[in-house]
Amino acid sequence: VELFLDPRDGRGMTVQLYDQIRNAITNGRLAPGDRLAPTRTVARELGVSRSTVTSAYSRLTAEGFVEGRSGGGTVVVPGPTPGAPRSEVRLSLVPTERAARIRRYGEDPEAQATFDLSPGRTDPRLFPTAAWRRCTVRALSAAPAQYGDPAGSAALRLSVARWVTRSRGVTAGPDEVLVTSGAGHAIDVLARVLLRPGDVAAVEEPGYPPVTELLRSHGVTVVGVPVDDQGIVVDAIPSDARLVYVTPSHQYPLGTVMSRDRRLQLLAWAGRHESAIVEDDYDSEFRYTARPLEPLHRLDRDGRVIYVGTFSKTLSPAVRTGFAVVCAALMPTVRAVRQAVDWGPPAVASAAMAAFIDEGHLAAHLRRARKAYRARHDLLRRSLRRLDRSDLTLLPSQAGLHVTVLSPATPPDRELARRMSRLDLLVGSLGLTYQFGPATPGLVVGFGGIRTERVPAAVARLVALLD
Ligand SMILES: Cc1ncc(COP(=O)(O)O)c(C=O)c1O
């Protein structure tokens with residue numbers, strides 16, 4: 001821990017040192033077993049006498065926070081206090097009511113289990129480590145030393161523009177691309193540019209909770225609009241919605257593909273109501289059945305659709321890279337707003353990603369990953385169907401890395417979590433994706449993170465979870 005001394009602090013140097021180290025121990029920044037820096041080093045760094053430091057250490061020893069080791073050195077001892085709130089610091093800062101109402105989606109994204117069916121995971125065994133490493137090492141050796149373009153480096157914007165044109169038929173030039181830290185971040189920048197506090201935005205119900213919470217964090221009133229077997233029910237969108245957020249290629253979480261008629265209806269609606277459409281195309285690169293329908297962005301003649309993509313599925317959520325295709329007229333404002341928030345994407349990661357796309361590694365990875373995920377998707381569907389349970393309805397799935405199952409037997413979320421940990425199993429709750437009204441109970445079954453050979457056993461555990 002960093003130690004600081006304030007000569008104007010009337011408590012004296014020893015007490016200041018003692019207080020800071022004690023705080024670090026009680027709030028967990030120093031853990032049991034951690035070694036305190038030698039008294040000689042601390043004294044030199046802080047410009048105080050060694051006896052000042054020794055006195056602070058002696059008091060901590062006497063009070064049982066640390067102990068001297070026979071070989072020399074002073075270490076933190078296990079005690080009941082680490083992690084406890086710093087009782088000596090008043091809670092002067094409180095979040096606003098708006099911020100305090102924001103809910104996390106999934107409590108523990110780092111949770112691990114042998115049978116991992118949580119949505120939002122990709123297979124680490126498929127990650128193209130060797131190619132990624134080569135691209136990253138090269139990017140490191142050319143690390144730039146200045147701030148970059150808030151919309152992303154010219155090289156990466158060009159790579160993404162070419163990529164999205166080739167892979168999804170979304171015609172985009174580099175001057176229309178905003179590179180972000182994932183799809184959610186792209187929507188954050190767009191919300192800052194397009195929405196005012198108090199504006200209404202429409203999202204799908206059920207839907208993707210992080211986007212709802214993000215819009216709420218900007219003071220936007222978010223309305224949930226039902227989804228039927230053709231996609232969002234356009235007639236149910238409130239007429240004052242300034243922005244409509246949809247997942248047309250693969251509705252999250254139900255998996256519905258928005259029909260062409262519905263796409264045209266939505267575009268016409270947006271034209272009449274002068275509203276923006278955010279098309280989140282988060283996982284359609286993995287497609288298992290019918291040919292994909294044209295993205296809304298391609299059908300849009302009016303410049304109302306902003307296309308949002310991500311590498312969270314095509315590569316990994318850990319690379320935290322996504323993008324938006326935004327009409328060029330908005331880009332000066334988008335750049336200024338983005339710069340105000342975090343200036344722009346990290347340069348080294350951007351250079352690595354650009355090389356990764358340009359040299360064909362992303363396309364090669366997708367060819368391999370598609371094959372593996374298709375086999376896993378088919379096996380999962382077969383295993384679920386074979387259960388032949390009347391209380392399970394397996395929804396159709398044509399794309400992505402999850403399938404959705406309706407099941408009235410799904411226990412409430414807290415009980416679900418308890419049973420999961422007993423069964424060494426992780427799976428998503430459908431109920432959590434309903435944010436505006438009564439939830440349909442069920443499971444969002446991700447297959448990105450599980451080994452293919454474990455799928456049948458994982459499905460057996462799903463049965464145990466429900467029974
Ligand atoms: C609907 C939807 N959009 C976007 C994402 C990915 O977001 P990000 O790019 O921020 O990781 C996900 C991830 O599961 C998703 O379900």
# chains A, B, ... in the order shown; residues from 1 in each chain; ligands from 1
call {"tool": "closest_atom_pairs", "arguments": {"of": "chain A", "to": "ligand 1", "cutoff": "10 Å", "atoms": "only C-alpha atoms and all ligand atoms", "output": "CSV"}}
result
residue,atom,partner,partner_atom_place_in_ligand_line,distance
A:Pro119,CA,ligand 1,14 (O),6.7
A:Gly120,CA,ligand 1,14 (O),4.3
A:Arg121,CA,ligand 1,14 (O),7.8
A:Thr180,CA,ligand 1,9 (O),8.6
A:Ser181,CA,ligand 1,10 (O),6.9
A:Gly182,CA,ligand 1,9 (O),3.4
A:Ala183,CA,ligand 1,9 (O),3.6
A:Gly184,CA,ligand 1,10 (O),4.1
A:His185,CA,ligand 1,10 (O),6.3
A:Ala186,CA,ligand 1,10 (O),8.0
A:Ile187,CA,ligand 1,10 (O),8.9
A:Gly207,CA,ligand 1,1 (C),7.2
A:Tyr208,CA,ligand 1,1 (C),5.1
A:Pro209,CA,ligand 1,1 (C),8.5
A:Pro210,CA,ligand 1,2 (C),8.4
A:Val211,CA,ligand 1,3 (N),7.9
A:Tyr245,CA,ligand 1,1 (C),9.7
A:Val246,CA,ligand 1,1 (C),8.4
A:Thr247,CA,ligand 1,1 (C),6.4
A:Pro248,CA,ligand 1,1 (C),9.9
A:His250,CA,ligand 1,1 (C),8.4
A:Gln251,CA,ligand 1,1 (C),7.3
A:Tyr252,CA,ligand 1,1 (C),5.1
A:Pro253,CA,ligand 1,16 (O),7.3
A:Glu279,CA,ligand 1,3 (N),9.6
A:Asp280,CA,ligand 1,3 (N),5.9
A:Asp281,CA,ligand 1,3 (N),7.2
A:Tyr282,CA,ligand 1,4 (C),4.9
A:Asp283,CA,ligand 1,12 (C),7.6
A:Val308,CA,ligand 1,4 (C),8.5
A:Gly309,CA,ligand 1,9 (O),7.1
A:Thr310,CA,ligand 1,9 (O),4.5
A:Phe311,CA,ligand 1,9 (O),6.5
A:Ser312,CA,ligand 1,11 (O),4.9
A:Lys313,CA,ligand 1,6 (C),7.4
A:Ser316,CA,ligand 1,11 (O),8.3
A:Pro317,CA,ligand 1,11 (O),5.1
A:Ala318,CA,ligand 1,11 (O),8.1
A:Val319,CA,ligand 1,11 (O),8.7
A:Arg320,CA,ligand 1,11 (O),6.2
A:Thr321,CA,ligand 1,9 (O),6.5
A:Gly322,CA,ligand 1,9 (O),5.3
A:Phe323,CA,ligand 1,9 (O),8.3
A:Gly400,CA,ligand 1,16 (O),9.4
A:Leu401,CA,ligand 1,14 (O),8.8
A:His402,CA,ligand 1,14 (O),9.3
A:Gly446,CA,ligand 1,14 (O),9.7
call {"tool": "residues_around", "arguments": {"residues": "Val66 (chain A)", "least_positions_apart": "6", "cutoff": "7 Å", "atoms": "only C-alpha atoms", "output": "list of chain:residue names"}}
result
A:Leu60, A:Thr74, A:Val75, A:Val76, A:Val77
call {"tool": "select_by_dssp", "arguments": {"residues": "region 192-405 of chain A", "states": "helix (DSSP H, G or I)", "output": "compact mmCIF listing (two decimals) with N, CA, C and O atoms, in the first residue's frame"}}
result
# COMPACT_ATOMS: atom_id res chain seq x y z
N ARG A 192 -26.09 9.21 -25.04
CA ARG A 192 -25.63 10.56 -24.67
C ARG A 192 -25.84 11.54 -25.82
O ARG A 192 -26.04 12.73 -25.60
N VAL A 193 -25.72 11.03 -27.05
CA VAL A 193 -25.83 11.91 -28.21
C VAL A 193 -27.29 12.15 -28.59
O VAL A 193 -27.66 13.24 -29.03
N LEU A 194 -28.15 11.14 -28.41
CA LEU A 194 -29.50 11.22 -28.98
C LEU A 194 -30.61 11.47 -27.97
O LEU A 194 -31.71 11.85 -28.36
N PRO A 209 -31.20 -6.90 -20.05
CA PRO A 209 -31.27 -5.92 -18.96
C PRO A 209 -30.17 -4.87 -18.93
O PRO A 209 -30.45 -3.72 -18.57
N PRO A 210 -28.91 -5.18 -19.29
CA PRO A 210 -27.90 -4.12 -19.18
C PRO A 210 -28.25 -2.86 -19.98
O PRO A 210 -27.93 -1.75 -19.55
N VAL A 211 -28.91 -3.02 -21.11
CA VAL A 211 -29.23 -1.84 -21.93
C VAL A 211 -30.34 -1.03 -21.26
O VAL A 211 -30.30 0.20 -21.22
N THR A 212 -31.32 -1.71 -20.69
CA THR A 212 -32.38 -1.00 -19.95
C THR A 212 -31.77 -0.18 -18.82
O THR A 212 -32.08 1.00 -18.64
N GLU A 213 -30.88 -0.83 -18.07
CA GLU A 213 -30.28 -0.13 -16.92
C GLU A 213 -29.40 1.03 -17.38
O GLU A 213 -29.37 2.09 -16.77
N LEU A 214 -28.70 0.81 -18.48
CA LEU A 214 -27.86 1.87 -19.04
C LEU A 214 -28.70 3.10 -19.40
O LEU A 214 -28.36 4.24 -19.05
N LEU A 215 -29.81 2.86 -20.08
CA LEU A 215 -30.67 3.99 -20.47
C LEU A 215 -31.24 4.67 -19.23
O LEU A 215 -31.29 5.90 -19.15
N ARG A 216 -31.62 3.86 -18.25
CA ARG A 216 -32.14 4.45 -17.00
C ARG A 216 -31.07 5.29 -16.32
O ARG A 216 -31.38 6.29 -15.68
N SER A 217 -29.83 4.85 -16.41
CA SER A 217 -28.77 5.61 -15.74
C SER A 217 -28.62 7.00 -16.35
O SER A 217 -28.04 7.89 -15.73
N VAL A 234 -44.72 -3.78 -33.05
CA VAL A 234 -44.53 -2.36 -33.39
C VAL A 234 -45.70 -1.52 -32.91
O VAL A 234 -45.51 -0.40 -32.41
N ASP A 235 -46.92 -2.08 -33.00
CA ASP A 235 -48.09 -1.30 -32.59
C ASP A 235 -48.07 -0.96 -31.11
O ASP A 235 -48.80 -0.08 -30.66
N ALA A 236 -47.27 -1.70 -30.33
CA ALA A 236 -47.24 -1.45 -28.89
C ALA A 236 -46.12 -0.48 -28.48
O ALA A 236 -45.94 -0.19 -27.30
N ARG A 260 -39.30 -10.11 -42.08
CA ARG A 260 -39.02 -8.99 -42.98
C ARG A 260 -40.15 -7.96 -42.90
O ARG A 260 -39.92 -6.75 -42.86
N ASP A 261 -41.39 -8.47 -42.83
CA ASP A 261 -42.53 -7.54 -42.73
C ASP A 261 -42.41 -6.66 -41.50
O ASP A 261 -42.66 -5.46 -41.53
N ARG A 262 -42.03 -7.31 -40.38
CA ARG A 262 -41.93 -6.56 -39.13
C ARG A 262 -40.80 -5.53 -39.21
O ARG A 262 -40.89 -4.43 -38.67
N ARG A 263 -39.73 -5.91 -39.90
CA ARG A 263 -38.61 -4.96 -40.05
C ARG A 263 -39.08 -3.72 -40.81
O ARG A 263 -38.80 -2.59 -40.41
N LEU A 264 -39.83 -3.97 -41.88
CA LEU A 264 -40.29 -2.83 -42.69
C LEU A 264 -41.28 -1.99 -41.89
O LEU A 264 -41.28 -0.76 -41.96
N GLN A 265 -42.12 -2.69 -41.12
CA GLN A 265 -43.11 -1.98 -40.29
C GLN A 265 -42.41 -1.10 -39.25
O GLN A 265 -42.81 0.05 -39.01
N LEU A 266 -41.36 -1.64 -38.66
CA LEU A 266 -40.62 -0.89 -37.64
C LEU A 266 -39.94 0.35 -38.26
O LEU A 266 -39.97 1.45 -37.68
N LEU A 267 -39.37 0.15 -39.44
CA LEU A 267 -38.72 1.29 -40.11
C LEU A 267 -39.74 2.38 -40.44
O LEU A 267 -39.48 3.57 -40.24
N ALA A 268 -40.92 1.94 -40.93
CA ALA A 268 -41.95 2.92 -41.27
C ALA A 268 -42.40 3.65 -40.00
O ALA A 268 -42.60 4.88 -40.00
N TRP A 269 -42.55 2.91 -38.92
CA TRP A 269 -42.96 3.51 -37.64
C TRP A 269 -41.95 4.58 -37.22
O TRP A 269 -42.31 5.71 -36.84
N ALA A 270 -40.65 4.20 -37.31
CA ALA A 270 -39.60 5.14 -36.87
C ALA A 270 -39.62 6.40 -37.74
O ALA A 270 -39.41 7.51 -37.24
N GLY A 271 -39.90 6.22 -39.04
CA GLY A 271 -39.97 7.37 -39.94
C GLY A 271 -41.12 8.29 -39.52
O GLY A 271 -40.95 9.51 -39.44
N ARG A 272 -42.27 7.70 -39.23
CA ARG A 272 -43.45 8.51 -38.85
C ARG A 272 -43.23 9.24 -37.53
O ARG A 272 -43.67 10.35 -37.34
N HIS A 273 -42.51 8.58 -36.61
CA HIS A 273 -42.37 9.16 -35.27
C HIS A 273 -41.01 9.82 -35.05
O HIS A 273 -40.68 10.21 -33.92
N LEU A 296 -31.63 -4.50 -40.45
CA LEU A 296 -32.45 -3.28 -40.55
C LEU A 296 -31.64 -2.17 -41.21
O LEU A 296 -32.16 -1.39 -41.99
N HIS A 297 -30.37 -2.10 -40.83
CA HIS A 297 -29.51 -1.04 -41.34
C HIS A 297 -29.49 -1.01 -42.87
O HIS A 297 -29.44 0.04 -43.49
N ARG A 298 -29.54 -2.20 -43.48
CA ARG A 298 -29.50 -2.30 -44.95
C ARG A 298 -30.81 -1.88 -45.58
O ARG A 298 -30.84 -1.42 -46.70
N LEU A 299 -31.90 -2.06 -44.81
CA LEU A 299 -33.22 -1.73 -45.35
C LEU A 299 -33.56 -0.25 -45.15
O LEU A 299 -34.51 0.26 -45.73
N PRO A 317 -15.90 -12.10 -24.81
CA PRO A 317 -16.31 -10.88 -24.11
C PRO A 317 -15.13 -10.20 -23.44
O PRO A 317 -15.17 -9.00 -23.16
N ALA A 318 -14.04 -10.97 -23.22
CA ALA A 318 -12.89 -10.41 -22.52
C ALA A 318 -12.14 -9.39 -23.37
O ALA A 318 -11.44 -8.54 -22.83
N VAL A 319 -12.28 -9.43 -24.70
CA VAL A 319 -11.55 -8.44 -25.51
C VAL A 319 -12.22 -7.07 -25.44
O VAL A 319 -11.62 -6.07 -25.81
N ALA A 328 -22.66 9.46 -40.99
CA ALA A 328 -21.50 10.34 -40.89
C ALA A 328 -21.86 11.70 -40.27
O ALA A 328 -21.04 12.30 -39.57
N ALA A 329 -23.11 12.16 -40.49
CA ALA A 329 -23.49 13.49 -39.98
C ALA A 329 -23.43 13.54 -38.44
O ALA A 329 -23.23 14.61 -37.86
N LEU A 330 -23.63 12.39 -37.79
CA LEU A 330 -23.61 12.38 -36.33
C LEU A 330 -22.19 12.26 -35.77
O LEU A 330 -21.96 12.48 -34.57
N MET A 331 -21.26 11.87 -36.62
CA MET A 331 -19.94 11.49 -36.10
C MET A 331 -19.18 12.62 -35.39
O MET A 331 -18.51 12.35 -34.39
N PRO A 332 -19.26 13.88 -35.84
CA PRO A 332 -18.54 14.91 -35.08
C PRO A 332 -19.02 14.98 -33.62
O PRO A 332 -18.21 15.08 -32.70
N THR A 333 -20.33 14.90 -33.42
CA THR A 333 -20.85 14.94 -32.04
C THR A 333 -20.46 13.66 -31.29
O THR A 333 -20.07 13.71 -30.12
N VAL A 334 -20.58 12.54 -31.98
CA VAL A 334 -20.20 11.26 -31.35
C VAL A 334 -18.75 11.33 -30.89
O VAL A 334 -18.41 10.94 -29.77
N ARG A 335 -17.88 11.85 -31.75
CA ARG A 335 -16.45 11.93 -31.39
C ARG A 335 -16.25 12.83 -30.16
O ARG A 335 -15.51 12.50 -29.24
N ALA A 336 -16.93 13.98 -30.16
CA ALA A 336 -16.74 14.93 -29.05
C ALA A 336 -17.23 14.33 -27.74
O ALA A 336 -16.58 14.43 -26.69
N VAL A 337 -18.39 13.67 -27.81
CA VAL A 337 -18.96 13.08 -26.59
C VAL A 337 -18.08 11.94 -26.10
O VAL A 337 -17.77 11.81 -24.91
N ARG A 338 -17.65 11.10 -27.03
CA ARG A 338 -16.78 9.98 -26.65
C ARG A 338 -15.50 10.49 -26.00
O ARG A 338 -15.02 9.97 -24.99
N GLN A 339 -14.94 11.53 -26.57
CA GLN A 339 -13.70 12.05 -26.00
C GLN A 339 -13.92 12.54 -24.58
O GLN A 339 -13.08 12.36 -23.71
N ALA A 340 -15.09 13.13 -24.34
CA ALA A 340 -15.36 13.65 -23.00
C ALA A 340 -15.45 12.52 -21.97
O ALA A 340 -15.21 12.73 -20.79
N VAL A 341 -15.83 11.34 -22.42
CA VAL A 341 -16.02 10.24 -21.46
C VAL A 341 -14.71 9.51 -21.17
O VAL A 341 -14.26 9.45 -20.04
N ASP A 342 -14.08 8.94 -22.20
CA ASP A 342 -12.85 8.17 -21.92
C ASP A 342 -11.80 8.37 -23.01
O ASP A 342 -10.91 7.56 -23.17
N ALA A 347 -5.02 2.07 -27.70
CA ALA A 347 -4.33 1.99 -28.99
C ALA A 347 -3.73 0.61 -29.27
O ALA A 347 -3.82 0.11 -30.40
N VAL A 348 -3.12 0.00 -28.27
CA VAL A 348 -2.44 -1.27 -28.54
C VAL A 348 -3.47 -2.35 -28.90
O VAL A 348 -3.32 -3.09 -29.88
N ALA A 349 -4.53 -2.42 -28.09
CA ALA A 349 -5.58 -3.42 -28.37
C ALA A 349 -6.20 -3.17 -29.75
O ALA A 349 -6.54 -4.11 -30.48
N SER A 350 -6.33 -1.89 -30.11
CA SER A 350 -6.93 -1.56 -31.41
C SER A 350 -6.04 -2.04 -32.55
O SER A 350 -6.51 -2.60 -33.54
N ALA A 351 -4.73 -1.79 -32.41
CA ALA A 351 -3.80 -2.20 -33.47
C ALA A 351 -3.82 -3.72 -33.59
O ALA A 351 -3.79 -4.27 -34.71
N ALA A 352 -3.88 -4.42 -32.46
CA ALA A 352 -3.90 -5.88 -32.50
C ALA A 352 -5.18 -6.36 -33.20
O ALA A 352 -5.14 -7.25 -34.05
N MET A 353 -6.29 -5.75 -32.86
CA MET A 353 -7.57 -6.18 -33.45
C MET A 353 -7.60 -5.91 -34.95
O MET A 353 -8.07 -6.74 -35.73
N ALA A 354 -7.07 -4.76 -35.36
CA ALA A 354 -7.05 -4.45 -36.79
C ALA A 354 -6.24 -5.49 -37.55
O ALA A 354 -6.68 -6.01 -38.59
N ALA A 355 -5.06 -5.83 -37.02
CA ALA A 355 -4.23 -6.84 -37.69
C ALA A 355 -4.94 -8.19 -37.70
O ALA A 355 -4.93 -8.92 -38.69
N PHE A 356 -5.59 -8.50 -36.59
CA PHE A 356 -6.29 -9.79 -36.45
C PHE A 356 -7.38 -9.93 -37.52
O PHE A 356 -7.56 -10.99 -38.11
N ILE A 357 -8.08 -8.84 -37.77
CA ILE A 357 -9.14 -8.88 -38.80
C ILE A 357 -8.49 -8.90 -40.19
O ILE A 357 -8.80 -9.75 -41.03
N ASP A 358 -7.55 -7.97 -40.42
CA ASP A 358 -6.99 -7.80 -41.78
C ASP A 358 -6.25 -9.05 -42.26
O ASP A 358 -6.25 -9.35 -43.45
N HIS A 361 -7.44 -13.71 -39.51
CA HIS A 361 -7.53 -14.60 -38.35
C HIS A 361 -8.95 -14.67 -37.81
O HIS A 361 -9.40 -15.71 -37.34
N LEU A 362 -9.67 -13.54 -37.87
CA LEU A 362 -11.04 -13.55 -37.35
C LEU A 362 -11.92 -14.46 -38.22
O LEU A 362 -12.69 -15.28 -37.69
N ALA A 363 -11.76 -14.34 -39.54
CA ALA A 363 -12.57 -15.17 -40.43
C ALA A 363 -12.23 -16.66 -40.22
O ALA A 363 -13.14 -17.50 -40.16
N ALA A 364 -10.93 -16.95 -40.06
CA ALA A 364 -10.53 -18.35 -39.87
C ALA A 364 -11.07 -18.87 -38.54
O ALA A 364 -11.59 -19.99 -38.45
N HIS A 365 -10.98 -18.04 -37.50
CA HIS A 365 -11.50 -18.44 -36.19
C HIS A 365 -13.00 -18.72 -36.28
O HIS A 365 -13.49 -19.71 -35.72
N LEU A 366 -13.71 -17.84 -36.98
CA LEU A 366 -15.17 -18.02 -37.09
C LEU A 366 -15.53 -19.32 -37.80
O LEU A 366 -16.48 -20.00 -37.41
N ARG A 367 -14.77 -19.65 -38.84
CA ARG A 367 -15.06 -20.90 -39.55
C ARG A 367 -14.94 -22.08 -38.60
O ARG A 367 -15.78 -22.97 -38.56
N ARG A 368 -13.88 -22.06 -37.78
CA ARG A 368 -13.64 -23.17 -36.85
C ARG A 368 -14.69 -23.15 -35.73
O ARG A 368 -15.29 -24.17 -35.40
N ALA A 369 -14.93 -21.96 -35.18
CA ALA A 369 -15.83 -21.84 -34.03
C ALA A 369 -17.26 -22.19 -34.44
O ALA A 369 -17.99 -22.85 -33.69
N ARG A 370 -17.65 -21.77 -35.64
CA ARG A 370 -19.01 -22.05 -36.12
C ARG A 370 -19.27 -23.55 -36.14
O ARG A 370 -20.31 -24.02 -35.72
N LYS A 371 -18.27 -24.29 -36.61
CA LYS A 371 -18.42 -25.74 -36.70
C LYS A 371 -18.61 -26.35 -35.30
O LYS A 371 -19.50 -27.15 -35.06
N ALA A 372 -17.74 -25.90 -34.39
CA ALA A 372 -17.79 -26.45 -33.03
C ALA A 372 -19.09 -26.07 -32.34
O ALA A 372 -19.75 -26.90 -31.70
N TYR A 373 -19.50 -24.80 -32.48
CA TYR A 373 -20.71 -24.36 -31.78
C TYR A 373 -21.96 -24.98 -32.41
O TYR A 373 -22.93 -25.27 -31.71
N ARG A 374 -21.92 -25.18 -33.73
CA ARG A 374 -23.08 -25.80 -34.37
C ARG A 374 -23.28 -27.23 -33.82
O ARG A 374 -24.39 -27.62 -33.47
N ALA A 375 -22.17 -27.98 -33.70
CA ALA A 375 -22.26 -29.35 -33.17
C ALA A 375 -22.81 -29.32 -31.75
O ALA A 375 -23.67 -30.12 -31.36
N ARG A 376 -22.34 -28.35 -30.97
CA ARG A 376 -22.77 -28.26 -29.57
C ARG A 376 -24.24 -27.83 -29.48
O ARG A 376 -25.00 -28.36 -28.67
N HIS A 377 -24.61 -26.89 -30.32
CA HIS A 377 -26.00 -26.43 -30.37
C HIS A 377 -26.92 -27.59 -30.70
O HIS A 377 -27.94 -27.83 -30.03
N ASP A 378 -26.54 -28.39 -31.73
CA ASP A 378 -27.40 -29.49 -32.16
C ASP A 378 -27.49 -30.55 -31.06
O ASP A 378 -28.56 -31.08 -30.78
N LEU A 379 -26.33 -30.83 -30.43
CA LEU A 379 -26.33 -31.84 -29.37
C LEU A 379 -27.18 -31.37 -28.18
O LEU A 379 -27.95 -32.16 -27.61
N LEU A 380 -27.07 -30.11 -27.85
CA LEU A 380 -27.87 -29.58 -26.73
C LEU A 380 -29.35 -29.69 -27.04
O LEU A 380 -30.15 -30.15 -26.21
N ARG A 381 -29.73 -29.32 -28.24
CA ARG A 381 -31.16 -29.40 -28.60
C ARG A 381 -31.62 -30.85 -28.58
O ARG A 381 -32.70 -31.16 -28.07
N ARG A 382 -30.80 -31.75 -29.13
CA ARG A 382 -31.19 -33.18 -29.13
C ARG A 382 -31.35 -33.68 -27.71
O ARG A 382 -32.32 -34.34 -27.36
N SER A 383 -30.38 -33.33 -26.85
CA SER A 383 -30.42 -33.83 -25.46
C SER A 383 -31.64 -33.28 -24.74
O SER A 383 -32.27 -33.99 -23.94
N LEU A 384 -31.98 -32.02 -25.00
CA LEU A 384 -33.15 -31.43 -24.33
C LEU A 384 -34.44 -32.07 -24.86
O LEU A 384 -35.36 -32.37 -24.09
N ARG A 385 -34.47 -32.30 -26.17
CA ARG A 385 -35.69 -32.89 -26.76
C ARG A 385 -35.90 -34.30 -26.26
O ARG A 385 -37.01 -34.73 -25.99
N ARG A 386 -34.77 -35.01 -26.10
CA ARG A 386 -34.87 -36.41 -25.69
C ARG A 386 -35.47 -36.54 -24.28
O ARG A 386 -35.98 -37.60 -23.92
call {"tool": "select_by_dssp", "arguments": {"residues": "region 206-435 of chain A", "states": "strand (DSSP E)", "output": "PyMOL selection string"}}
result
chain A and resi 221-228+231-232+241-246+276-280+305-310+322-325+393-394+402-406+425-429
call {"tool": "write_last_selection", "arguments": {"atoms": "C-alpha atoms", "output": "short mmCIF file (atom, residue, chain, number, x, y, z; two decimals), in the first residue's frame"}}
result
data_model
loop_
_atom_site.label_atom_id
_atom_site.label_comp_id
_atom_site.auth_asym_id
_atom_site.auth_seq_id
_atom_site.Cartn_x
_atom_site.Cartn_y
_atom_site.Cartn_z
CA THR A 221 -37.81 6.53 -19.13
CA VAL A 222 -37.62 3.00 -20.49
CA VAL A 223 -40.73 1.18 -21.67
CA GLY A 224 -40.84 -2.56 -22.32
CA VAL A 225 -42.57 -3.62 -25.54
CA PRO A 226 -43.72 -7.22 -25.98
CA VAL A 227 -42.17 -9.54 -28.54
CA ASP A 228 -44.21 -12.08 -30.55
CA GLY A 231 -40.26 -9.77 -33.27
CA ILE A 232 -41.09 -6.56 -31.40
CA ALA A 241 -40.30 6.83 -27.97
CA ARG A 242 -37.20 8.69 -29.19
CA LEU A 243 -35.20 5.50 -29.52
CA VAL A 244 -36.13 1.83 -30.01
CA TYR A 245 -33.57 -0.81 -29.08
CA VAL A 246 -34.02 -4.17 -30.84
CA ALA A 276 -33.92 6.32 -33.82
CA ILE A 277 -33.52 2.56 -34.02
CA VAL A 278 -30.58 0.79 -32.41
CA GLU A 279 -30.06 -2.60 -34.05
CA ASP A 280 -28.00 -4.81 -31.74
CA VAL A 305 -30.86 2.89 -37.87
CA ILE A 306 -27.66 2.65 -35.91
CA TYR A 307 -26.10 -0.76 -36.25
CA VAL A 308 -24.26 -2.08 -33.19
CA GLY A 309 -21.91 -5.05 -33.32
CA THR A 310 -19.55 -6.71 -30.89
CA GLY A 322 -17.57 -3.56 -30.08
CA PHE A 323 -18.61 -0.91 -32.56
CA ALA A 324 -21.45 1.11 -33.99
CA VAL A 325 -22.12 2.11 -37.57
CA THR A 393 -40.80 -25.98 -24.05
CA LEU A 394 -37.68 -25.60 -26.12
CA HIS A 402 -27.78 -19.95 -26.18
CA VAL A 403 -31.13 -21.68 -26.39
CA THR A 404 -34.14 -20.76 -24.31
CA VAL A 405 -36.39 -23.15 -22.46
CA LEU A 406 -39.73 -22.28 -20.93
CA LEU A 425 -24.06 -26.12 -12.53
CA LEU A 426 -24.51 -22.64 -13.95
CA VAL A 427 -27.41 -21.60 -16.17
CA GLY A 428 -29.21 -18.32 -16.92
CA SER A 429 -32.64 -17.42 -15.59
#
call {"tool": "atom_distance", "arguments": {"atom1": "CA of Glu67 (chain A)", "atom2": "CA of Ser49 (chain A)"}}
result
21.2 Å
call {"tool": "atom_distance", "arguments": {"atom1": "CA of Gly28 (chain A)", "atom2": "CA of Arg8 (chain A)"}}
result
27.8 Å
call {"tool": "closest_atom_pairs", "arguments": {"of": "region 362-442 of chain A", "to": "region 196-206 of chain A", "cutoff": "8 Å", "atoms": "only C-alpha atoms", "output": "JSON lines"}}
result
{"residue": "A:Thr433", "atom": "CA", "partner": "A:Pro206", "partner_atom": "CA", "distance": 5.2}
{"residue": "A:Tyr434", "atom": "CA", "partner": "A:Pro206", "partner_atom": "CA", "distance": 4.5}
{"residue": "A:Gln435", "atom": "CA", "partner": "A:Pro206", "partner_atom": "CA", "distance": 7.0}
{"residue": "A:Phe436", "atom": "CA", "partner": "A:Glu205", "partner_atom": "CA", "distance": 7.2}
call {"tool": "atom_distance", "arguments": {"atom1": "CA of Ser167 (chain A)", "atom2": "CA of Thr289 (chain A)"}}
result
16.4 Å
call {"tool": "closest_residue", "arguments": {"among": "A:Glu294, A:Glu415, A:Asp467, A:Glu359", "to": "Asp391 (chain A)", "atoms": "only C-alpha atoms"}}
result
A:Asp467
call {"tool": "closest_residue", "arguments": {"among": "A:Asn23, A:Thr61, A:Gln112, A:Thr256", "to": "Ser397 (chain A)", "atoms": "only C-alpha atoms"}}
result
A:Thr256
call {"tool": "closest_residue", "arguments": {"among": "A:Gly33, A:Thr171, A:Gly47, A:Tyr288", "to": "Leu3 (chain A)", "atoms": "only C-alpha atoms"}}
result
A:Gly47
